[in-house]
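Below: data00.cif (mmCIF, C-alpha atoms)
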data_structure
#
loop_
_atom_site.label_atom_id
_atom_site.label_comp_id
_atom_site.auth_asym_id
_atom_site.auth_seq_id
_atom_site.Cartn_x
_atom_site.Cartn_y
_atom_site.Cartn_z
CA MET B 195 -181.52 24.49 -78.17
CA THR B 196 -182.51 25.65 -74.69
CA CYS B 197 -183.54 29.18 -73.69
CA THR B 198 -180.16 29.60 -71.92
CA ASP B 199 -178.36 28.62 -75.14
CA PHE B 200 -180.52 31.11 -77.01
CA LEU B 201 -179.65 33.95 -74.62
CA LYS B 202 -175.94 33.22 -74.95
CA GLU B 203 -176.21 33.81 -78.70
CA LEU B 204 -178.64 36.73 -78.54
CA THR B 205 -176.06 39.49 -78.89
CA ASP B 206 -174.47 37.92 -81.97
CA TYR B 207 -177.91 37.22 -83.40
CA LEU B 208 -179.06 40.83 -82.97
CA ASP B 209 -175.79 42.09 -84.41
CA ALA B 210 -176.06 39.66 -87.35
CA THR B 211 -172.58 38.31 -86.66
CA ILE B 212 -173.53 34.66 -86.53
CA ASP B 213 -172.95 31.72 -88.84
CA ALA B 214 -175.81 30.44 -90.97
CA SER B 215 -176.32 27.15 -89.14
CA THR B 216 -176.51 28.78 -85.66
CA GLN B 217 -178.84 31.40 -87.07
CA ALA B 218 -181.14 28.65 -88.38
CA GLU B 219 -181.11 26.95 -84.94
CA LEU B 220 -181.95 30.24 -83.21
CA GLU B 221 -184.78 30.96 -85.61
CA ASP B 222 -186.12 27.46 -85.11
CA HIS B 223 -186.11 28.10 -81.35
CA LEU B 224 -187.83 31.48 -81.84
CA ALA B 225 -190.58 29.84 -83.87
CA TRP B 226 -191.84 27.84 -80.89
CA CYS B 227 -190.55 29.66 -77.76
CA HIS B 228 -192.77 32.65 -77.11
CA ASN B 229 -190.67 33.90 -74.16
CA CYS B 230 -187.47 34.04 -76.20
CA TYR B 231 -189.39 35.62 -79.08
CA VAL B 232 -190.57 38.41 -76.75
CA ILE B 233 -187.12 38.84 -75.17
CA CYS B 234 -185.52 39.05 -78.61
CA ASN B 235 -188.00 41.63 -79.90
CA THR B 236 -187.98 43.82 -76.80
CA THR B 237 -184.18 43.75 -76.57
CA LYS B 238 -183.98 44.78 -80.22
CA LYS B 239 -186.46 47.58 -79.50
CA THR B 240 -184.41 48.67 -76.45
CA ILE B 241 -181.36 49.12 -78.69
CA GLU B 242 -183.33 51.01 -81.34
CA ILE B 243 -184.92 53.36 -78.81
CA TYR B 244 -181.57 54.26 -77.24
CA ARG B 245 -179.87 54.61 -80.61
CA ASP B 246 -182.55 57.02 -81.85
CA SER B 247 -183.17 58.91 -78.62
CA GLN B 248 -180.40 61.56 -78.82
CA LEU B 249 -180.25 61.65 -75.02
CA TYR B 250 -177.21 63.82 -74.67
CA GLU B 251 -176.82 66.19 -77.57
CA LEU B 252 -174.23 68.94 -77.38
CA PRO B 253 -175.97 72.35 -77.67
CA GLU B 254 -174.41 74.56 -80.38
CA ASP B 255 -173.51 77.41 -78.01
CA LEU B 256 -171.75 75.06 -75.62
CA ARG B 257 -170.07 73.33 -78.55
CA THR B 258 -168.65 76.65 -79.79
CA LYS B 259 -167.46 77.50 -76.26
CA LEU B 260 -165.70 74.15 -75.89
CA GLU B 261 -164.10 74.34 -79.32
CA VAL B 262 -162.74 77.83 -78.62
CA ALA B 263 -161.34 76.66 -75.26
CA ILE B 264 -159.72 73.53 -76.73
CA LEU B 265 -158.15 75.33 -79.67
CA SER B 266 -156.82 78.22 -77.61
CA LYS B 267 -155.09 75.72 -75.30
CA CYS B 268 -153.66 73.87 -78.33
CA THR B 269 -152.40 77.15 -79.81
CA ALA B 270 -150.82 78.13 -76.47
CA LYS B 271 -149.15 74.72 -76.28
CA LYS B 272 -147.83 75.10 -79.82
CA LYS B 273 -146.39 78.54 -78.98
CA ARG B 274 -144.71 77.17 -75.87
CA SER B 275 -143.15 74.31 -77.80
CA THR B 276 -141.80 76.55 -80.59
CA THR B 277 -140.21 79.12 -78.26
CA MET Z 31 -186.39 59.57 -112.14
CA HIS Z 32 -184.34 57.73 -109.54
CA GLU Z 33 -181.57 55.50 -110.70
CA ILE Z 34 -181.54 52.08 -109.03
CA VAL Z 35 -178.11 51.22 -107.64
CA HIS Z 36 -177.24 47.55 -107.34
CA PRO Z 37 -176.45 46.55 -103.71
CA GLU Z 38 -172.95 45.37 -104.68
CA THR Z 39 -172.25 48.70 -106.38
CA MET Z 40 -173.57 50.49 -103.30
CA ALA Z 41 -171.27 48.41 -101.07
CA ILE Z 42 -168.26 49.37 -103.25
CA ILE Z 43 -169.26 53.05 -103.10
CA GLU Z 44 -169.63 52.87 -99.31
CA THR Z 45 -166.25 51.12 -98.91
CA LYS Z 46 -164.57 53.76 -101.10
CA ALA Z 47 -166.23 56.54 -99.09
CA ARG Z 48 -164.99 54.96 -95.83
CA ASP Z 49 -161.48 54.57 -97.25
CA ALA Z 50 -161.49 58.18 -98.42
CA ALA Z 51 -162.64 59.37 -94.98
CA ALA Z 52 -159.90 57.31 -93.31
CA THR Z 53 -157.24 58.71 -95.66
CA ASP Z 54 -158.54 62.21 -95.07
CA GLU Z 55 -158.48 61.62 -91.30
CA LEU Z 56 -154.93 60.30 -91.39
CA ALA Z 57 -153.88 63.37 -93.41
CA LEU Z 58 -155.44 65.63 -90.76
CA VAL Z 59 -153.66 63.73 -87.97
CA GLN Z 60 -150.32 63.98 -89.81
CA ALA Z 61 -150.82 67.72 -90.32
CA ALA Z 62 -151.77 68.18 -86.65
CA LYS Z 63 -148.62 66.28 -85.64
CA ARG Z 64 -146.63 68.87 -87.60
CA GLY Z 65 -148.30 71.58 -85.48
CA ASP Z 66 -151.18 72.51 -87.78
CA VAL Z 67 -153.85 73.59 -85.27
CA ALA Z 68 -156.39 74.17 -88.06
CA ALA Z 69 -156.09 70.48 -89.00
CA PHE Z 70 -156.66 69.50 -85.39
CA GLU Z 71 -159.68 71.83 -85.34
CA GLN Z 72 -161.21 69.71 -88.11
CA LEU Z 73 -160.79 66.62 -85.94
CA VAL Z 74 -162.35 68.40 -82.95
CA LYS Z 75 -165.36 69.46 -85.02
CA ARG Z 76 -165.69 65.96 -86.41
CA TYR Z 77 -165.84 64.20 -83.06
CA ASP Z 78 -166.73 66.61 -80.25
CA ARG Z 79 -170.43 65.67 -80.27
CA ASN Z 80 -169.58 61.97 -80.00
CA ILE Z 81 -167.11 62.52 -77.18
CA PHE Z 82 -169.64 64.64 -75.29
CA ARG Z 83 -172.31 61.91 -75.59
CA ILE Z 84 -169.91 59.20 -74.43
CA ALA Z 85 -168.66 61.31 -71.50
CA GLN Z 86 -172.16 62.27 -70.42
CA HIS Z 87 -173.33 58.64 -70.56
CA ILE Z 88 -170.43 57.48 -68.41
CA THR Z 89 -170.20 60.35 -65.92
CA GLN Z 90 -173.93 61.15 -65.83
CA ASN Z 91 -172.90 64.71 -65.08
CA ARG Z 92 -173.01 67.64 -67.48
CA GLU Z 93 -170.07 69.61 -66.03
CA ASP Z 94 -167.90 66.52 -65.93
CA ALA Z 95 -168.79 65.75 -69.54
CA GLU Z 96 -167.77 69.29 -70.59
CA ASP Z 97 -164.44 68.86 -68.78
CA VAL Z 98 -163.91 65.46 -70.40
CA VAL Z 99 -164.40 66.91 -73.90
CA GLN Z 100 -161.76 69.57 -73.25
CA ASP Z 101 -159.34 67.28 -71.43
CA ALA Z 102 -159.61 64.44 -73.93
CA PHE Z 103 -158.93 66.62 -76.97
CA LEU Z 104 -156.11 68.44 -75.23
CA LYS Z 105 -154.54 65.17 -74.13
CA ALA Z 106 -154.89 63.82 -77.67
CA TYR Z 107 -153.19 66.94 -79.05
CA GLU Z 108 -150.35 66.71 -76.55
CA ASN Z 109 -149.81 63.02 -77.26
CA LEU Z 110 -150.32 62.91 -81.02
CA GLU Z 111 -146.78 61.62 -81.43
CA GLN Z 112 -147.81 58.46 -79.61
CA PHE Z 113 -150.61 57.80 -82.08
CA GLN Z 114 -149.10 55.29 -84.46
CA GLY Z 115 -152.00 54.97 -86.87
CA ASN Z 116 -152.49 51.27 -86.17
CA SER Z 117 -156.03 52.04 -85.10
CA LYS Z 118 -158.45 54.73 -86.15
CA PHE Z 119 -157.84 58.14 -84.60
CA TYR Z 120 -161.42 58.10 -83.31
CA THR Z 121 -160.93 54.79 -81.46
CA TRP Z 122 -157.76 56.19 -79.88
CA LEU Z 123 -159.60 59.38 -78.89
CA VAL Z 124 -162.49 57.39 -77.40
CA ARG Z 125 -160.02 55.45 -75.29
CA ILE Z 126 -158.66 58.71 -73.84
CA ALA Z 127 -162.18 60.06 -73.26
CA VAL Z 128 -163.36 56.88 -71.51
CA ASN Z 129 -160.36 56.98 -69.15
CA GLU Z 130 -160.97 60.65 -68.37
CA SER Z 131 -164.68 59.93 -67.78
CA LEU Z 132 -163.95 57.06 -65.40
CA MET Z 133 -161.54 59.27 -63.46
CA LYS Z 134 -164.28 61.89 -63.06
CA LEU Z 135 -166.70 59.22 -61.92
CA ARG Z 136 -164.25 57.92 -59.33
CA ARG Z 137 -163.71 61.40 -57.96
CA ARG Z 138 -167.43 61.96 -57.55
CA ARG Z 139 -168.00 58.68 -55.79
CA SER Z 140 -166.77 57.56 -52.44
CA ASP Z 141 -166.59 54.12 -54.07
CA ARG Z 142 -163.21 54.33 -55.79
CA THR Z 143 -163.45 50.96 -57.40
CA VAL Z 144 -165.10 52.11 -60.65
CA SER Z 145 -163.30 50.09 -63.26
CA LEU Z 146 -163.84 48.50 -66.61
CA ASP Z 147 -162.08 45.37 -65.47
CA GLU Z 148 -164.72 44.35 -62.99
CA ASP Z 149 -167.03 41.67 -64.31
CA ILE Z 150 -169.99 42.43 -62.14
CA GLN Z 151 -172.55 39.77 -61.41
CA THR Z 152 -175.79 41.46 -60.51
CA GLU Z 153 -179.07 40.08 -59.27
CA GLU Z 154 -180.69 40.73 -62.58
CA ASP Z 155 -178.01 39.11 -64.66
CA THR Z 156 -178.56 37.37 -67.94
CA MET Z 157 -181.64 35.34 -67.13
CA PRO Z 158 -184.68 37.60 -67.62
CA ARG Z 159 -187.08 37.57 -64.69
CA GLU Z 160 -190.04 39.09 -66.39
CA VAL Z 161 -191.13 38.32 -69.91
CA ALA Z 162 -193.76 40.84 -70.87
CA ASP Z 163 -194.53 41.88 -74.39
CA TRP Z 164 -194.37 45.60 -75.10
CA SER Z 165 -196.91 47.87 -76.66
CA PRO Z 166 -196.39 48.48 -80.36
CA ASN Z 167 -194.17 51.61 -80.75
CA PRO Z 168 -193.68 51.95 -76.97
CA GLU Z 169 -191.65 55.13 -77.41
CA GLN Z 170 -194.86 56.85 -78.57
CA LEU Z 171 -196.54 56.19 -75.21
CA TYR Z 172 -194.65 59.11 -73.70
CA LYS Z 173 -193.94 62.71 -74.59
CA GLN Z 174 -190.41 63.30 -75.90
CA GLY Z 175 -189.10 64.85 -72.66
CA GLU Z 176 -190.73 62.21 -70.52
CA LEU Z 177 -189.27 59.42 -72.65
CA LYS Z 178 -185.77 60.91 -72.38
CA ASP Z 179 -186.09 61.08 -68.59
CA ILE Z 180 -187.09 57.41 -68.48
CA LEU Z 181 -184.18 56.40 -70.73
CA ARG Z 182 -181.65 58.47 -68.76
CA LYS Z 183 -182.84 57.13 -65.42
CA THR Z 184 -182.75 53.58 -66.75
CA VAL Z 185 -179.26 53.72 -68.23
CA GLN Z 186 -177.92 55.47 -65.11
CA GLY Z 187 -178.83 52.39 -63.11
CA LEU Z 188 -176.40 50.17 -65.01
CA PRO Z 189 -172.92 49.53 -63.58
CA ALA Z 190 -170.36 51.84 -65.24
CA SER Z 191 -168.62 48.94 -66.96
CA PHE Z 192 -171.86 47.84 -68.67
CA ARG Z 193 -172.96 51.40 -69.45
CA THR Z 194 -169.67 52.15 -71.15
CA VAL Z 195 -169.81 49.12 -73.43
CA PHE Z 196 -173.47 49.82 -74.23
CA VAL Z 197 -172.88 53.45 -75.21
CA LEU Z 198 -169.91 52.63 -77.44
CA ARG Z 199 -171.58 49.70 -79.21
CA ASP Z 200 -175.25 50.58 -79.35
CA VAL Z 201 -175.37 54.37 -79.16
CA GLU Z 202 -172.15 55.33 -80.95
CA GLY Z 203 -172.08 52.35 -83.29
CA LEU Z 204 -168.47 51.22 -82.74
CA SER Z 205 -167.84 47.62 -83.78
CA THR Z 206 -167.16 44.96 -81.14
CA GLU Z 207 -163.48 45.01 -82.15
CA GLU Z 208 -163.23 48.82 -81.92
CA THR Z 209 -164.99 48.76 -78.53
CA ALA Z 210 -162.59 46.08 -77.27
CA GLU Z 211 -159.65 48.16 -78.46
CA ALA Z 212 -160.96 51.42 -76.98
CA LEU Z 213 -161.64 49.81 -73.61
CA ASP Z 214 -158.66 47.46 -73.58
CA LEU Z 215 -160.98 44.49 -73.09
CA SER Z 216 -161.12 41.15 -74.84
CA ILE Z 217 -163.84 40.58 -77.45
CA PRO Z 218 -165.62 37.96 -75.26
CA ALA Z 219 -165.61 40.46 -72.36
CA VAL Z 220 -167.20 43.13 -74.57
CA LYS Z 221 -169.84 40.68 -75.79
CA SER Z 222 -170.62 39.48 -72.28
CA ARG Z 223 -171.03 43.01 -70.89
CA LEU Z 224 -173.06 44.08 -73.90
CA LEU Z 225 -175.49 41.19 -73.53
CA ARG Z 226 -175.97 41.89 -69.85
CA ALA Z 227 -176.34 45.64 -70.41
CA ARG Z 228 -178.96 45.10 -73.11
CA LEU Z 229 -180.92 42.56 -71.05
CA GLN Z 230 -180.84 44.68 -67.91
CA LEU Z 231 -182.05 47.76 -69.78
CA ARG Z 232 -184.81 45.70 -71.38
CA GLU Z 233 -185.88 44.36 -68.01
CA ARG Z 234 -185.93 47.81 -66.42
CA LEU Z 235 -187.90 49.31 -69.32
CA ASN Z 236 -190.59 46.65 -68.97
CA LYS Z 237 -192.50 48.63 -66.40
CA TYR Z 238 -192.80 51.61 -68.76
CA PHE Z 239 -193.38 49.83 -72.04
CA ARG Z 240 -195.23 46.62 -71.25
CA LYS Z 241 -198.52 46.00 -72.96
CA PRO Z 242 -201.39 46.33 -70.48
CA LYS Z 243 -203.22 43.05 -69.93
CA GLY Z 244 -206.26 43.00 -72.19
CA GLY Z 245 -205.44 46.50 -73.51
CA ASP Z 246 -204.28 47.71 -76.89
CA GLY Z 247 -201.09 49.22 -75.50
CA LYS Z 248 -202.25 52.81 -75.74
CA LYS Z 249 -202.09 55.09 -72.74
#

In structure tokens, what does this structure look like?
Amino acid sequence: MTCTDFLKELTDYLDATIDASTQAELEDHLAWCHNCYVICNTTKKTIEIYRDSQLYELPEDLRTKLEVAILSKCTAKKKRSTT
Amino acid sequence: MHEIVHPETMAIIETKARDAAATDELALVQAAKRGDVAAFEQLVKRYDRNIFRIAQHITQNREDAEDVVQDAFLKAYENLEQFQGNSKFYTWLVRIAVNESLMKLRRRRSDRTVSLDEDIQTEEDTMPREVADWSPNPEQLYKQGELKDILRKTVQGLPASFRTVFVLRDVEGLSTEETAEALDLSIPAVKSRLLRARLQLRERLNKYFRKPKGGDGKK
């Protein structure tokens, strides 16, 4: 397996959606290719950091404001459709 | 004393919990279709945080993200009849929110070609240029606010079509199939964009997280 082959399979490998024989080939490659080992680990870390970072959380006051606005429009729409 | 639950038993419990949630969701959708606004309110409360995160990631603009949350839920409410229940309500809602977000993005940019269909080849495509190991726990090198600024700036630099796939798969946790359905893309297209998004983010984060030569990785 070449490094290019490894990269093609990286997403499935990280998502654990790969068959057992390909997984064994990838792990064999990782055992001797330091570059791919580093790329694999740092890509995995990239995903974890973004997943855990809570970059764009909705503040409670804004959430309440949006919910009120959405539901009042839905109620108005319902009234229009029943009259 | 804690009771040890066998993994197979846990898997059955989790599947039942997911099935129950899906049934509950379908019941809420059916009630909302009959005009029950309180049922729709439950759906809004269930997903508004997710929709806000997705919209903010795509538009990179707070006001636009607020508008997308309102517009997406209102559009969903108005078009509930068209929801056939073949997919999850959430996937259907995400699809509406992504379309609204892309429209906002197009309006803000003079470049009107923002699209999910484009399969952009960029200079830093799949082949990594720099292979540097990172410090252990690189996120601890920066203060919380500083780290968030780095992550925002980095993800903003991705093309919209990559950013959208990345946020759905890796931030929101949709499956590849759900992402493909929400974005009307093929599964290979989702996988290809996801790989390139992940590798480009990794490459761009190198400069912040790489282990200093001869150092222990601490700032």

Taking only C-alpha atoms into account, what are the residues of chain B at most 9 Å from chain Z, put as a ChimeraX atom specification? /B:198,201-202,204-206,229-230,232-233,235-252,256-257,260-261,263-265,267-269,271-272

Edge lengths and centre in Å to one decimal, as JSON, of the axis-aligned box that encloses all listed atoms of range 226-230 of chain B with 3 Å added on every side?
{"center_x": -190.1, "center_y": 30.9, "center_z": -77.5, "size_x": 11.3, "size_y": 12.2, "size_z": 12.7}

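Between CA of Glu130 in chain Z and CA of Asp94 in chain Z lies a distance of 9.4 Å.
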
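Using all atoms listed in the file, the nearest neighbour of Trp122 in chain Z within the list Z:Arg137, Z:Leu188, Z:Leu110, Z:Ile217 is Z:Leu110.
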
The PyMOL selection byres ((chain Z and resi 56) around 12) applied to the shown file, residues as a list of chain:residue names: Z:Asp49, Z:Ala50, Z:Ala51, Z:Ala52, Z:Thr53, Z:Asp54, Z:Glu55, Z:Ala57, Z:Leu58, Z:Val59, Z:Gln60, Z:Ala61, Z:Ala62, Z:Lys63, Z:Ala69, Z:Phe70, Z:Gln72, Z:Leu73, Z:Leu110, Z:Phe113, Z:Gln114, Z:Gly115, Z:Asn116, Z:Ser117, Z:Lys118, Z:Phe119, Z:Tyr120

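Near (-162.8, 48.4, -80.2), the residues inside the 9 Å limit, counting only C-alpha atoms, come to Thr121, Leu198, Arg199, Leu204, Ser205, Thr206, Glu207, Glu208, Thr209, Ala210, Glu211, Ala212, Leu213, Asp214, Leu215, Ile217 and Val220 of chain Z.
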
When the PyMOL selection byres ((chain B and resi 196) around 12) is applied to the structure above, which residues does it catch, written out as number ranges by chain? B: 195, 197-203, 219-220, 222-224, 226-227, 229-230

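Here CA of Gln170 in chain Z stands at a distance of 14.8 Å from CA of Pro242 in chain Z.
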
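Picture a line from CA of Gln186 in chain Z to CA of Thr89 in chain Z; it runs 9.2 Å.
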
Could you tell me, as a ChimeraX atom specification, exactly which residues end up selected when the PyMOL selection byres ((chain Z and resi 132) around 9) is applied to this structure? /Z:85,88-89,127-131,133-137,144-146,190
